[in-house]
Every structure is written in structure tokens, then in C-alpha cells.
$ cat my_file13.cif   # mmCIF, C-alpha atoms
data_protein
#
loop_
_atom_site.label_atom_id
_atom_site.label_comp_id
_atom_site.auth_asym_id
_atom_site.auth_seq_id
_atom_site.Cartn_x
_atom_site.Cartn_y
_atom_site.Cartn_z
CA MET A 300 -31.43 12.57 4.89
CA PRO A 301 -29.89 12.77 1.41
CA GLY A 302 -31.79 10.90 -1.28
CA LYS A 303 -30.58 8.08 -3.43
CA VAL A 304 -28.85 8.80 -6.70
CA HIS A 305 -29.67 7.10 -9.98
CA VAL A 306 -26.51 5.84 -11.65
CA THR A 307 -26.15 4.49 -15.19
CA THR A 308 -22.96 2.60 -15.87
CA THR A 309 -21.51 -0.33 -17.79
CA ILE A 310 -20.39 -3.41 -15.88
CA ASN A 311 -18.72 -6.30 -17.70
CA GLY A 312 -20.01 -5.00 -21.02
CA GLU A 313 -23.64 -4.69 -19.96
CA SER A 314 -25.51 -1.47 -19.28
CA VAL A 315 -26.51 -1.37 -15.62
CA GLU A 316 -28.64 1.08 -13.66
CA PHE A 317 -28.77 1.27 -9.89
CA LEU A 318 -29.85 3.54 -7.07
CA CYS A 319 -27.37 4.20 -4.32
CA GLU A 320 -26.76 6.50 -1.41
CA PRO A 321 -23.85 8.89 -1.95
CA ARG A 322 -22.10 7.32 1.05
CA GLN A 323 -21.99 3.86 -0.54
CA THR A 324 -18.73 2.77 -2.12
CA ILE A 325 -18.87 1.04 -5.49
CA LEU A 326 -17.62 -2.05 -3.66
CA GLU A 327 -20.74 -2.03 -1.48
CA VAL A 328 -22.97 -1.47 -4.52
CA LEU A 329 -21.35 -4.33 -6.44
CA ARG A 330 -21.57 -6.81 -3.62
CA ASP A 331 -24.74 -5.85 -1.74
CA GLN A 332 -27.01 -4.54 -4.50
CA LEU A 333 -25.82 -6.08 -7.73
CA ASP A 334 -24.89 -9.47 -6.25
CA LEU A 335 -21.46 -9.32 -7.87
CA THR A 336 -19.77 -10.86 -4.86
CA GLY A 337 -16.63 -12.00 -6.66
CA THR A 338 -15.01 -8.69 -5.71
CA LYS A 339 -13.84 -9.09 -2.11
CA GLU A 340 -13.57 -6.66 0.77
CA GLY A 341 -10.25 -6.90 2.57
CA CYS A 342 -8.74 -3.97 4.43
CA SER A 343 -11.27 -1.43 3.16
CA ASN A 344 -8.68 1.35 3.09
CA GLY A 345 -6.72 0.86 -0.11
CA ASN A 346 -3.85 -1.26 1.13
CA CYS A 347 -4.70 -4.85 0.19
CA GLY A 348 -6.16 -4.77 -3.33
CA ALA A 349 -8.71 -7.54 -2.69
CA CYS A 350 -11.43 -5.24 -4.05
CA SER A 351 -9.57 -4.42 -7.28
CA ILE A 352 -11.78 -3.70 -10.29
CA LEU A 353 -11.10 -2.05 -13.63
CA VAL A 354 -12.56 1.37 -14.40
CA ASN A 355 -12.12 2.22 -18.07
CA GLY A 356 -9.39 -0.44 -18.15
CA GLU A 357 -7.42 0.97 -15.20
CA VAL A 358 -7.17 -1.04 -11.99
CA ILE A 359 -8.43 0.70 -8.86
CA ASP A 360 -9.45 -0.22 -5.32
CA SER A 361 -13.25 -0.28 -5.34
CA CYS A 362 -13.34 0.35 -1.58
CA LEU A 363 -12.00 3.85 -2.33
CA MET A 364 -14.47 4.78 -5.08
CA MET A 365 -18.00 5.97 -4.44
CA GLY A 366 -20.89 4.24 -6.22
CA VAL A 367 -22.05 7.57 -7.66
CA GLU A 368 -18.69 7.97 -9.39
CA ALA A 369 -19.53 5.01 -11.65
CA GLU A 370 -21.88 7.19 -13.70
CA GLY A 371 -20.91 6.85 -17.36
CA GLN A 372 -17.86 4.68 -16.64
CA GLU A 373 -16.99 1.20 -17.87
CA LEU A 374 -16.36 -1.23 -15.05
CA THR A 375 -14.91 -4.73 -15.21
CA THR A 376 -15.10 -7.06 -12.23
CA ILE A 377 -13.79 -10.59 -11.78
CA GLU A 378 -17.15 -11.83 -13.10
CA GLY A 379 -16.29 -10.26 -16.45
CA VAL A 380 -12.86 -11.81 -16.86
CA ALA A 381 -13.86 -15.26 -18.15
CA SER A 382 -15.54 -15.49 -21.56
CA ALA A 383 -18.26 -17.78 -22.85
CA ASP A 384 -15.46 -19.95 -24.24
CA GLY A 385 -13.95 -20.60 -20.85
CA LEU A 386 -11.57 -19.25 -18.27
CA HIS A 387 -9.19 -16.41 -19.00
CA PRO A 388 -5.56 -17.61 -19.27
CA LEU A 389 -4.84 -15.88 -15.94
CA GLN A 390 -7.59 -17.83 -14.22
CA GLN A 391 -6.43 -21.07 -15.80
CA GLN A 392 -2.81 -20.46 -14.81
CA PHE A 393 -3.77 -19.59 -11.23
CA LEU A 394 -5.40 -23.03 -11.12
CA GLU A 395 -2.45 -24.78 -12.80
CA HIS A 396 0.05 -23.20 -10.39
CA ALA A 397 -2.21 -23.55 -7.34
CA ALA A 398 -1.52 -19.85 -6.87
CA LEU A 399 -4.06 -19.53 -4.08
CA GLN A 400 -5.11 -21.04 -0.81
CA CYS A 401 -8.01 -19.24 0.85
CA GLY A 402 -8.83 -17.37 -2.35
CA ILE A 403 -9.91 -14.04 -0.90
CA CYS A 404 -7.10 -12.14 -2.61
CA THR A 405 -7.40 -14.04 -5.90
CA PRO A 406 -10.07 -11.97 -7.71
CA GLY A 407 -8.09 -8.82 -6.99
CA PHE A 408 -4.84 -10.37 -8.20
CA ILE A 409 -6.43 -11.61 -11.41
CA VAL A 410 -8.12 -8.30 -12.16
CA ALA A 411 -4.90 -6.36 -11.46
CA ALA A 412 -2.83 -8.80 -13.52
CA LYS A 413 -5.35 -8.49 -16.37
CA ALA A 414 -4.86 -4.71 -16.34
CA LEU A 415 -1.11 -5.27 -16.63
CA LEU A 416 -1.30 -7.85 -19.43
CA ASP A 417 -3.84 -5.75 -21.34
CA GLN A 418 -1.24 -2.95 -21.40
CA GLU A 419 2.03 -4.90 -21.57
CA SER A 420 2.20 -8.26 -23.31
CA ASN A 421 5.57 -9.36 -21.96
CA PRO A 422 6.27 -7.81 -18.54
CA SER A 423 9.43 -8.81 -16.65
CA GLU A 424 9.19 -10.57 -13.30
CA GLU A 425 10.27 -7.35 -11.61
CA ARG A 426 7.56 -5.42 -13.44
CA ILE A 427 4.93 -7.98 -12.43
CA ARG A 428 6.02 -7.84 -8.79
CA LEU A 429 5.95 -4.04 -8.77
CA TYR A 430 2.60 -3.86 -10.56
CA LEU A 431 1.04 -6.29 -8.10
CA ALA A 432 2.55 -4.63 -5.02
CA GLY A 433 -0.90 -3.26 -4.21
CA ASN A 434 -2.34 -6.77 -3.88
CA LEU A 435 -1.60 -8.63 -0.68
CA CYS A 436 -1.75 -12.40 -0.17
CA ARG A 437 -1.41 -13.72 3.37
CA CYS A 438 -1.57 -17.45 2.55
CA THR A 439 0.59 -18.72 -0.22
CA GLY A 440 3.22 -16.11 -0.87
CA TYR A 441 3.83 -14.47 -4.16
CA ASP A 442 6.06 -16.79 -6.20
CA LYS A 443 3.25 -18.99 -7.51
CA ILE A 444 1.18 -15.93 -8.32
CA VAL A 445 4.02 -14.31 -10.25
CA ARG A 446 4.71 -17.53 -12.15
CA ALA A 447 1.01 -17.87 -13.00
CA VAL A 448 1.02 -14.35 -14.43
CA GLN A 449 4.22 -15.04 -16.39
CA ASP A 450 2.76 -18.21 -17.89
CA ALA A 451 -0.53 -16.49 -18.69
CA ALA A 452 1.44 -13.79 -20.50
CA SER A 453 3.28 -16.44 -22.51
CA GLU A 454 0.06 -18.25 -23.31
CA MET A 455 -1.63 -15.04 -24.44
CA ALA A 456 1.34 -14.18 -26.65
CA GLU A 457 1.00 -17.43 -28.59
CA MET B 191 -19.81 6.36 6.84
CA ASN B 192 -22.32 9.08 7.74
CA ALA B 193 -24.83 10.24 5.14
CA PHE B 194 -23.97 13.16 2.87
CA ASP B 195 -25.10 14.74 -0.39
CA TYR B 196 -23.08 14.39 -3.58
CA GLU B 197 -22.64 16.95 -6.33
CA ALA B 198 -20.53 16.77 -9.47
CA PRO B 199 -20.39 20.33 -10.82
CA GLN B 200 -19.42 20.78 -14.46
CA SER B 201 -17.75 24.17 -14.15
CA VAL B 202 -15.55 26.13 -11.77
CA ASP B 203 -18.37 28.63 -11.20
CA GLU B 204 -20.82 25.89 -10.33
CA ALA B 205 -18.34 24.43 -7.84
CA ILE B 206 -17.80 27.86 -6.24
CA SER B 207 -21.58 28.29 -5.86
CA LEU B 208 -21.88 24.91 -4.17
CA LEU B 209 -18.95 25.70 -1.88
CA SER B 210 -20.39 29.03 -0.78
CA ALA B 211 -23.92 27.67 -0.33
CA GLY B 212 -22.74 24.83 1.89
CA ASN B 213 -22.21 25.04 5.63
CA GLY B 214 -18.50 24.55 5.20
CA ASN B 215 -18.63 20.89 6.14
CA ILE B 216 -17.65 19.82 2.65
CA GLY B 217 -15.36 17.14 1.27
CA ILE B 218 -13.75 17.84 -2.08
CA LEU B 219 -13.42 14.61 -4.04
CA ALA B 220 -10.78 14.01 -6.67
CA GLY B 221 -9.34 10.47 -6.49
CA GLY B 222 -10.73 9.77 -3.03
CA THR B 223 -7.68 7.89 -1.79
CA ASP B 224 -7.38 10.21 1.19
CA LEU B 225 -10.94 11.59 1.50
CA ILE B 226 -12.82 8.28 1.35
CA ALA B 227 -10.34 6.65 3.73
CA GLN B 228 -10.89 9.56 6.15
CA LEU B 229 -14.69 9.24 5.89
CA LYS B 230 -14.39 5.58 6.80
CA GLU B 231 -12.36 6.57 9.84
CA GLY B 232 -15.11 8.85 11.08
CA ARG B 233 -14.64 12.22 9.39
CA LYS B 234 -18.11 13.68 8.88
CA ILE B 235 -19.19 15.80 5.92
CA ASP B 236 -22.56 17.06 4.72
CA LEU B 237 -21.65 17.47 1.08
CA MET B 238 -19.16 15.78 -1.24
CA ILE B 239 -18.17 17.83 -4.28
CA ASP B 240 -16.62 15.73 -7.04
CA LEU B 241 -14.23 17.82 -9.17
CA LYS B 242 -13.81 15.29 -11.96
CA ARG B 243 -16.56 16.73 -14.21
CA ILE B 244 -14.85 20.14 -14.28
CA PRO B 245 -12.67 20.33 -17.41
CA GLU B 246 -10.00 22.55 -15.81
CA ALA B 247 -9.64 20.13 -12.90
CA THR B 248 -8.81 17.15 -15.09
CA ALA B 249 -6.96 18.81 -18.00
CA LEU B 250 -3.31 17.93 -18.52
CA SER B 251 -1.62 20.11 -21.12
CA PHE B 252 1.68 21.69 -22.09
CA ASP B 253 2.45 24.88 -23.95
CA GLU B 254 6.00 26.09 -24.61
CA ASP B 255 5.10 29.60 -23.40
CA SER B 256 2.91 28.86 -20.40
CA GLY B 257 4.38 25.52 -19.37
CA LEU B 258 2.67 22.49 -17.90
CA SER B 259 -0.84 22.66 -16.48
CA ILE B 260 -1.96 19.73 -14.33
CA GLY B 261 -5.62 19.69 -13.31
CA ALA B 262 -5.88 19.15 -9.58
CA ALA B 263 -7.92 15.95 -10.03
CA THR B 264 -5.44 14.40 -12.50
CA PRO B 265 -4.36 11.00 -11.15
CA CYS B 266 -0.68 10.19 -10.71
CA SER B 267 -0.67 7.57 -13.48
CA GLN B 268 -1.89 10.07 -16.06
CA ILE B 269 0.86 12.48 -15.04
CA TYR B 270 3.71 9.98 -15.34
CA GLY B 271 2.12 8.53 -18.46
CA TYR B 272 2.10 11.89 -20.26
CA ASP B 273 4.89 12.00 -22.86
CA VAL B 274 5.72 15.66 -22.17
CA VAL B 275 6.14 14.92 -18.47
CA GLN B 276 8.39 11.97 -19.31
CA SER B 277 10.60 14.02 -21.62
CA ARG B 278 10.59 17.45 -19.94
CA TYR B 279 9.64 16.92 -16.28
CA PRO B 280 11.27 13.66 -15.13
CA ALA B 281 11.20 14.83 -11.49
CA LEU B 282 7.40 14.64 -11.71
CA VAL B 283 7.72 11.05 -12.90
CA ASP B 284 10.01 10.35 -9.93
CA CYS B 285 7.40 11.42 -7.39
CA THR B 286 4.10 10.40 -9.00
CA SER B 287 5.29 6.89 -9.87
CA LEU B 288 6.19 5.92 -6.31
CA ILE B 289 3.04 7.00 -4.47
CA GLY B 290 1.14 3.96 -3.24
CA SER B 291 0.20 1.06 -5.48
CA ILE B 292 -0.88 1.10 -9.14
CA GLN B 293 -4.45 1.08 -7.83
CA ILE B 294 -3.72 4.24 -5.82
CA GLN B 295 -1.78 5.89 -8.66
CA ASN B 296 -4.78 5.38 -10.96
CA ARG B 297 -6.99 7.38 -8.59
CA GLY B 298 -4.86 9.54 -6.27
CA SER B 299 -4.39 13.03 -7.71
CA ILE B 300 -1.71 15.68 -7.44
CA GLY B 301 -4.29 18.14 -6.13
CA GLY B 302 -5.31 15.70 -3.44
CA ASN B 303 -1.68 15.17 -2.51
CA PHE B 304 -1.36 18.94 -2.05
CA CYS B 305 -4.67 19.55 -0.27
CA ASN B 306 -4.28 16.62 2.10
CA ALA B 307 -1.10 18.49 3.04
CA SER B 308 0.74 15.63 4.63
CA PRO B 309 4.22 16.76 5.68
CA ALA B 310 5.47 13.58 3.97
CA ALA B 311 3.64 14.17 0.67
CA ASP B 312 5.82 13.17 -2.28
CA THR B 313 4.71 15.57 -5.03
CA PRO B 314 5.26 18.97 -3.31
CA PRO B 315 9.08 18.95 -3.14
CA ALA B 316 9.35 18.26 -6.88
CA VAL B 317 6.75 20.90 -7.75
CA ILE B 318 8.49 23.38 -5.44
CA VAL B 319 11.93 22.99 -7.07
CA LEU B 320 10.29 23.27 -10.50
CA ALA B 321 8.92 26.67 -9.35
CA GLY B 322 5.36 25.44 -9.68
CA THR B 323 2.32 27.38 -8.55
CA CYS B 324 -1.10 26.44 -7.23
CA ARG B 325 -4.09 27.95 -9.03
CA ILE B 326 -6.87 28.43 -6.51
CA ALA B 327 -10.49 29.27 -7.37
CA GLY B 328 -12.69 31.18 -4.95
CA PRO B 329 -15.68 33.48 -4.76
CA ASN B 330 -13.50 36.44 -5.73
CA GLY B 331 -11.89 34.79 -8.74
CA THR B 332 -8.69 32.82 -9.04
CA ARG B 333 -5.35 33.41 -7.36
CA GLU B 334 -1.95 31.80 -7.71
CA VAL B 335 0.23 30.76 -4.81
CA ALA B 336 3.80 29.50 -5.08
CA ALA B 337 3.90 25.78 -4.24
CA GLU B 338 6.26 26.41 -1.31
CA ASP B 339 3.75 28.88 0.19
CA PHE B 340 0.71 26.59 -0.17
CA PHE B 341 1.27 24.63 3.04
CA THR B 342 0.76 26.07 6.51
CA GLY B 343 0.96 22.98 8.72
CA PRO B 344 0.17 19.27 8.85
CA GLY B 345 -3.14 18.89 6.98
CA GLN B 346 -3.33 22.68 6.60
CA SER B 347 -2.99 24.91 3.56
CA VAL B 348 -3.71 28.48 2.50
CA LEU B 349 -7.08 27.38 1.08
CA GLN B 350 -9.81 29.50 2.63
CA SER B 351 -13.43 28.48 3.11
CA GLY B 352 -15.14 28.60 -0.28
CA GLU B 353 -11.90 28.04 -2.21
CA PHE B 354 -10.56 24.96 -3.97
CA LEU B 355 -7.40 24.04 -5.86
CA ILE B 356 -8.04 23.89 -9.63
CA SER B 357 -4.59 23.10 -11.02
CA ILE B 358 -0.84 23.03 -10.57
CA GLN B 359 1.11 25.15 -13.04
CA VAL B 360 4.75 24.32 -13.76
CA PRO B 361 6.91 26.60 -15.93
CA THR B 362 8.69 25.30 -19.02
CA PRO B 363 12.12 24.03 -17.97
CA ALA B 364 15.02 26.33 -18.88
CA ALA B 365 17.69 25.17 -21.31
CA ASN B 366 20.44 23.12 -19.64
CA SER B 367 18.27 22.39 -16.62
CA GLY B 368 17.48 19.24 -14.70
CA ALA B 369 15.49 18.20 -11.67
CA PHE B 370 15.35 15.10 -9.51
CA PHE B 371 13.24 13.76 -6.62
CA LEU B 372 13.84 10.86 -4.29
CA ARG B 373 12.72 9.62 -0.91
CA PHE B 374 13.92 7.24 1.76
CA ILE B 375 11.68 4.35 2.80
CA PRO B 376 12.83 1.13 4.44
CA ARG B 377 11.28 -1.03 1.69
CA ASN B 378 10.95 -0.94 -2.09
CA GLU B 379 7.46 0.51 -2.53
CA MET B 380 4.07 1.01 -0.88
CA ASP B 381 5.33 3.17 1.96
CA ILE B 382 5.35 6.73 3.28
CA ALA B 383 8.54 8.78 3.16
CA VAL B 384 10.76 8.87 6.23
CA ALA B 385 12.28 11.85 4.43
CA ASN B 386 12.25 13.08 0.84
CA ALA B 387 14.05 15.71 -1.22
CA ALA B 388 14.07 17.33 -4.63
CA ALA B 389 16.54 19.57 -6.43
CA SER B 390 16.62 21.50 -9.67
CA VAL B 391 19.57 23.17 -11.35
CA VAL B 392 20.12 25.37 -14.37
CA LEU B 393 23.63 25.04 -15.78
CA ASN B 394 25.57 27.46 -17.98
CA SER B 395 25.86 26.72 -21.69
CA ASP B 396 28.91 24.47 -21.39
CA LYS B 397 27.29 22.71 -18.43
CA THR B 398 30.15 23.24 -16.00
CA THR B 399 28.67 25.83 -13.65
CA ILE B 400 25.41 25.95 -11.71
CA GLN B 401 23.60 29.18 -12.51
CA GLU B 402 20.43 28.59 -10.53
CA ALA B 403 19.46 25.93 -8.03
CA ARG B 404 16.47 25.07 -5.85
CA VAL B 405 16.28 22.44 -3.13
CA ALA B 406 13.20 21.26 -1.23
CA ILE B 407 12.83 18.67 1.52
CA GLY B 408 9.81 16.87 2.95
CA ALA B 409 8.71 14.76 5.92
CA VAL B 410 11.20 16.63 8.10
CA ALA B 411 9.06 19.63 9.14
CA PRO B 412 5.36 20.49 9.57
CA THR B 413 5.28 21.34 5.85
CA PRO B 414 7.41 20.65 2.77
CA LEU B 415 10.25 23.17 2.82
CA LEU B 416 12.02 25.17 0.15
CA VAL B 417 15.61 25.40 1.43
CA ALA B 418 16.71 28.71 -0.04
CA ASP B 419 20.15 28.51 1.60
CA ALA B 420 20.82 25.20 -0.12
CA GLY B 421 20.06 26.64 -3.53
CA ALA B 422 22.14 29.73 -2.79
CA ALA B 423 25.12 27.58 -1.75
CA LEU B 424 25.21 26.06 -5.23
CA GLU B 425 24.69 29.09 -7.42
CA GLY B 426 27.76 30.21 -9.32
CA LYS B 427 29.64 27.07 -8.27
CA ALA B 428 31.14 24.38 -10.48
CA VAL B 429 29.02 21.23 -10.93
CA ASP B 430 31.77 19.21 -9.23
CA ASP B 431 32.35 21.64 -6.34
CA GLU B 432 32.20 19.24 -3.41
CA GLU B 433 32.34 22.04 -0.82
CA ALA B 434 29.31 23.75 -2.39
CA ILE B 435 27.32 20.51 -2.43
CA GLU B 436 28.24 19.84 1.20
CA ALA B 437 27.17 23.39 2.09
CA ALA B 438 23.81 22.72 0.46
CA CYS B 439 23.44 19.49 2.43
CA ALA B 440 24.30 21.34 5.63
CA ALA B 441 21.66 23.92 4.79
CA SER B 442 19.04 21.16 4.45
CA ARG B 443 20.10 19.61 7.75
CA ALA B 444 19.81 23.02 9.39
CA ALA B 445 16.38 23.67 7.88
CA ALA B 446 14.94 20.30 8.94
CA ARG B 447 12.73 20.44 12.04
CA PRO B 448 11.55 16.84 12.19
CA ILE B 449 9.71 14.82 14.81
CA SER B 450 10.39 11.28 15.96
CA ASP B 451 7.62 8.85 15.11
CA MET B 452 7.06 5.24 14.06
CA ARG B 453 8.88 5.88 10.76
CA GLY B 454 12.04 7.51 12.01
CA THR B 455 13.78 9.58 14.64
CA ILE B 456 14.72 13.24 14.65
CA GLU B 457 18.40 12.32 14.27
CA GLN B 458 17.76 9.95 11.37
CA ARG B 459 15.59 12.46 9.54
CA ILE B 460 18.14 15.27 9.91
CA HIS B 461 20.84 12.93 8.61
CA LEU B 462 18.60 11.83 5.72
CA SER B 463 17.88 15.45 4.79
CA GLY B 464 21.55 15.89 4.02
CA VAL B 465 21.99 12.57 2.23
CA LEU B 466 18.88 12.99 0.09
CA THR B 467 19.78 16.59 -0.72
CA ARG B 468 23.14 15.42 -2.04
CA ARG B 469 21.58 12.68 -4.17
CA ALA B 470 18.87 15.00 -5.46
CA ILE B 471 21.46 17.61 -6.48
CA GLN B 472 23.63 14.98 -8.16
CA GLY B 473 20.60 13.58 -9.96
CA ALA B 474 19.51 17.03 -11.10
CA ILE B 475 23.00 17.87 -12.39
CA GLN B 476 23.18 14.58 -14.25
CA ARG B 477 19.84 15.22 -15.93
CA ALA B 478 20.88 18.76 -16.83
CA LYS B 479 24.03 17.41 -18.44
CA GLU B 480 21.97 14.94 -20.44
CA SER B 481 19.39 17.55 -21.47
#
$ encode --input "my_file13.cif" --output "C-alpha cells"
Amino acid sequence: MPGKVHVTTTINGESVEFLCEPRQTILEVLRDQLDLTGTKEGCSNGNCGACSILVNGEVIDSCLMMGVEAEGQELTTIEGVASADGLHPLQQQFLEHAALQCGICTPGFIVAAKALLDQESNPSEERIRLYLAGNLCRCTGYDKIVRAVQDAASEMAE
Amino acid sequence: MNAFDYEAPQSVDEAISLLSAGNGNIGILAGGTDLIAQLKEGRKIDLMIDLKRIPEATALSFDEDSGLSIGAATPCSQIYGYDVVQSRYPALVDCTSLIGSIQIQNRGSIGGNFCNASPAADTPPAVIVLAGTCRIAGPNGTREVAAEDFFTGPGQSVLQSGEFLISIQVPTPAANSGAFFLRFIPRNEMDIAVANAAASVVLNSDKTTIQEARVAIGAVAPTPLLVADAGAALEGKAVDDEEAIEAACAASRAAARPISDMRGTIEQRIHLSGVLTRRAIQGAIQRAKES
């Protein structure tokens, strides 16, 4: 039986150490060991984006990354999106637009949208829709989500 | 997922030692978008070897003499984000920017796309028409295999036990050349090719005649195919020679040996092979004219 591996990483700006089995995904480590349950498990095979997190600023599906791969990386989860001053503009705009119903897809959408807005301050609607094509919502449809991202971009540009 | 050991070697030699010491039941990890999904579906391995700590497997560099070197574990988004790829290898932007979602593009690698060896893989046709090669490391040193010779069947490649793909090498584009890749899917993104095709051309100095041409098609045979007859039909012909382009399309239709499945029928895929070949050639000629 393979032993556990000691991993040192950075999550939401804080140095974190954990032990994990090589077969554990980083999604399992986040949720089951580190109690960071904001990241959701959806399809578990890289189609739905509910488990989106940032690794070194790039959005990835955490269901398709092993926990051991986090060694030396900088991770951001939905728990790291708001600041001490309050909600991130994306979070606020998702509320304003009611861009969610059941909410399972929401952390993934916000994390993915944050990756986009961190790289591009004024993306077109088409660009937003393409960038978020890896995030699926089965409740509310995408228009409110896209408008929330557009308004967050405007707010952040001010 | 069954239990396995994990190693992240820091050199090619270390990886080769791990590969030869193992019992052969090894998963090579780059971006994990195929491997981890397969493990969840029941594939069993005893050892996972992560290539991402090996400098050669993640390097992305260009040299005018030796061309482009893409480490096998380089994710798609780094490839299409590389300024040299954008300016000199737009066909590689075509294929890497339409694989999966942004999340997948940030992890899924060109080496994984090759080694997973799906008949519908999107990067091989472009690499084939660009005359790319696969650099393979093994216990007896490294060897290079032309991209079109890498694949032997669905999920199968020339990789022997103890070997792994280190990098894809792509020569510097010739003057007055262009290349283009496209695929057919019934939606805008997030899908697997029903058929795909790539073409490259080298034009003469006044850009009226095709001197060299290569055409490759995918998802229409057990492996991506270099269609030599399609390239030959174009060589020496004027860029607007409709008969030559139709002959190339006919060559692709003749080379296609597709199956019918949930994504398309044999008839549709043969038809698409011709249509996509035409559009790939026209796209390649246009880019060569603009070069």
C-alpha cells in the first residue's frame, strides 16, 4: 500500500501543508481534508467546471488534478475570492443579477470568471461566453451569469 | 481510484530509471485530462510518473535554425499563448485553442494529446503537415519519429515499454509558407471532432504556384493520416487551380477509412474529409500569401 505524501502548497495566500494519498485529487483534498467545501464536485470528469480553482492564476478543473501536484503551487479557491473588505465584484454582481438558483455551479463560475477578468479587463460578451464554456449551469441559463460578469468587469474598471 | 505510487522525476534519466524499474503498469502524467479521467473509469496503475518537473518536458522554445521545441507536458494554453507560435505557427493556435474548455487547455498537453492517440485528436494533423517529429526517450537514448508515423491504432503509438515522449519538434516554416487546421463539430466548442484536417503549402516567390504541400486528416481512420496523394496533387500547380484542389480533396476522401459512431456516419466523414481538406488548403494558401 503506497504511503501518504507530504505536500507543501499555498492556498488563498496562506502556506498549507497536508498529507495525501497519491490517488487523491486536489478536489478531494480541498473538500475532505482541508474543509474548503466551497469548491463543488459535479461531473468529476472535466466537463462541468463546478470544481474550478486557480493554480498559479490559471483556471483548472480540480477533479482532474492530483493532490500531490499541488506541491509548490499557488492555489486560489472560492474561499479566497472575497477580501476582508467584502465580496468581490463578481460575487456581488452574481447576487445583484440573481445569476444562480441551486448554486452548485456558482463557485466554479466565479473562479473561472475571476481568471478571465484578472487577464482581460474588458472582455466582449462573446469572449465571456467562450471563456465560460467549460462551466455548466443546469438551473438558470447563462444570460444572467454573463451579464453579472459584464457588470463586474465594468465595476472593476472604475 | 485504486492506490498507486507517485514519482516526479527531475530529469529524463531519472524518469527512464523509474520506467524500467516498474512493472510496466505505469501512468505517465502531464496535464492529467485523459489519464486521471481514465483512472476514475477504472484503469489501474501501480505507479504514476509526473513529467512536469523535467525541464525538457515543459520547455517551450524557438530557434531559427532548429525550429520550435514543445515539451510534451506543455499545456495547450501555453502553446497558443506563445508569441512565436502566434506569429510563425498559426496552425498550432488553430488546434490547441479549440481543445476542450479553458480549464482543459490550461492542463491538457500536446504530448498527452499524442500519447492518448485518439483517432480524433486535434493536434496531430497540424503537427504532421508542419513536418513535426516526436522526440522519444528510452533506455537506449533518444529517437525521433515523424509525427505521421507515431500512431499505430486507436490509443496505440510506437512508444515501447520503458519509453516516453519528451517533446514535439517542429521545423522553422519556410519562406512563403502557410498552414491551417480546422475541424467539424456540430456545435461551437467543447466537442470532439467528427472529422478534422490540416494543410500546409510553400509557395514560389511571387506566391502564384504551390511548390510543396502536405495534407493530413483525422477522426476518419484508426490514426491521423498524412495524405501524400493530396499534397502531390497540389505541387507545381497554381494557387487558384480548382482541378488540383479538387484532386487533393478526392485524395483525402479516398484515404479516409472512417467508422460510423455516435458522432457521425461513414458517408458523412468521407464527405467531410473532402470539404475540410479544401478549406484547410484554402486557409493555408491565404496564410502563405499574407506571410
$ residues_around --input "my_file13.cif" --residues "stretch 287-293 of chain B" --least-positions-apart "3" --cutoff "6 Å" --atoms "only C-alpha atoms" --output "NGL selection string"
(:A and (358-360 or 433)) or (:B and (283-284 or 296 or 380))
$ residues_around --input "my_file13.cif" --residues "A:Pro321" --least-positions-apart "5" --cutoff "9 Å" --atoms "all atoms listed in the file" --output "PyMOL selection string"
(chain A and resi 301-304+365-367) or (chain B and resi 193-196+238)
$ interface_residues --input "my_file13.cif" --of "chain B" --to "chain A" --cutoff "10 Å" --atoms "all atoms listed in the file" --output "MDAnalysis selection string"
chainID B and resid 191:198 219 221:231 236:238 240 242 267 290:298 378:380
$ residues_around --input "my_file13.cif" --residues "A:Gln392" --least-positions-apart "2" --cutoff "7 Å" --atoms "only C-alpha atoms" --output "list in words"
Pro388, Leu389, Gln390, Leu394, Glu395, His396, Ala447, Asp450 and Ala451 of chain A
$ atom_distance --input "my_file13.cif" --atom1 "atom CA of B:Ala263" --atom2 "atom CA of B:Ser308"
17.0 Å
$ resolve_selection --input "my_file13.cif" --expression "the PyMOL selection byres ((chain B and resi 255) around 12)" --output "list in words"
Ser251, Phe252, Asp253, Glu254, Ser256, Gly257, Leu258, Ser259, Gln359, Val360, Pro361, Thr362, Pro363 and Ala364 of chain B
$ resolve_selection --input "my_file13.cif" --expression "the PyMOL selection byres ((chain B and resi 301-305) around 7)" --output "number ranges by chain"
B: 220, 262-263, 298-300, 306-307, 311, 313-314, 347, 355, 357
$ resolve_selection --input "my_file13.cif" --expression "the PyMOL selection byres ((chain B and resi 447) around 7)" --output "list in words"
Val410, Ala411, Ala445, Ala446, Pro448 and Ile449 of chain B
$ residues_around --input "my_file13.cif" --residues "stretch 204-213 of chain B" --least-positions-apart "5" --cutoff "10 Å" --atoms "all atoms listed in the file" --output "PyMOL selection string"
chain B and resi 197-199+218+235-241+244+327-331+351-354
$ closest_residue --input "my_file13.cif" --among "B:Phe374, B:Tyr279, B:Phe341, B:Tyr270" --to "B:Gly454" --atoms "all atoms listed in the file"
B:Phe374
$ atom_distance --input "my_file13.cif" --atom1 "atom CA of B:Arg325" --atom2 "atom CA of B:Glu425"
28.8 Å
$ residues_around --input "my_file13.cif" --residues "B:Ala474" --least-positions-apart "6" --cutoff "6 Å" --atoms "all atoms listed in the file" --output "PDB file with C-alpha atoms, in the frame of the given file"
ATOM      1  CA  GLY B 368      17.480  19.240 -14.700  1.00  0.00           C
ATOM      2  CA  ALA B 369      15.490  18.200 -11.670  1.00  0.00           C
ATOM      3  CA  PHE B 370      15.350  15.100  -9.510  1.00  0.00           C
ATOM      4  CA  SER B 390      16.620  21.500  -9.670  1.00  0.00           C
TER       5      SER B 390
END
$ atom_distance --input "my_file13.cif" --atom1 "atom CA of A:Asp417" --atom2 "atom CA of A:Arg446"
17.2 Å
$ closest_residue --input "my_file13.cif" --among "A:Leu326, A:Ile403, A:Leu416, A:Val306" --to "A:Gln372" --atoms "all atoms listed in the file"
A:Val306
$ residues_near_point --input "my_file13.cif" --point "(28.5, 20.8, 0.4)" --cutoff "10 Å" --atoms "only C-alpha atoms" --output "PyMOL selection string"
chain B and resi 420+423-424+431-441+464+467-468
$ closest_residue --input "my_file13.cif" --among "A:Cys350, A:Ile444, A:Leu329, A:Ala414" --to "A:Leu399" --atoms "only C-alpha atoms"
A:Ile444
$ residues_near_point --input "my_file13.cif" --point "(14.0, 26.4, 4.2)" --cutoff "9 Å" --atoms "all atoms listed in the file" --output "compact mmCIF listing (two decimals) with C-alpha atoms, in the coordinates of the input"
# COMPACT_ATOMS: atom_id res chain seq x y z
CA VAL B 405 16.28 22.44 -3.13
CA ALA B 406 13.20 21.26 -1.23
CA ILE B 407 12.83 18.67 1.52
CA PRO B 414 7.41 20.65 2.77
CA LEU B 415 10.25 23.17 2.82
CA LEU B 416 12.02 25.17 0.15
CA VAL B 417 15.61 25.40 1.43
CA ALA B 418 16.71 28.71 -0.04
CA ASP B 419 20.15 28.51 1.60
CA ALA B 420 20.82 25.20 -0.12
CA ALA B 441 21.66 23.92 4.79
CA SER B 442 19.04 21.16 4.45
CA ALA B 444 19.81 23.02 9.39
CA ALA B 445 16.38 23.67 7.88
CA ALA B 446 14.94 20.30 8.94
$ closest_residue --input "my_file13.cif" --among "B:Ala337, B:Ala387, B:Ala316, B:Ile356" --to "B:Gly261" --atoms "all atoms listed in the file"
B:Ile356
$ closest_residue --input "my_file13.cif" --among "A:Ile325, A:Glu419, A:Gly356, A:Pro406" --to "A:Gly337" --atoms "all atoms listed in the file"
A:Pro406
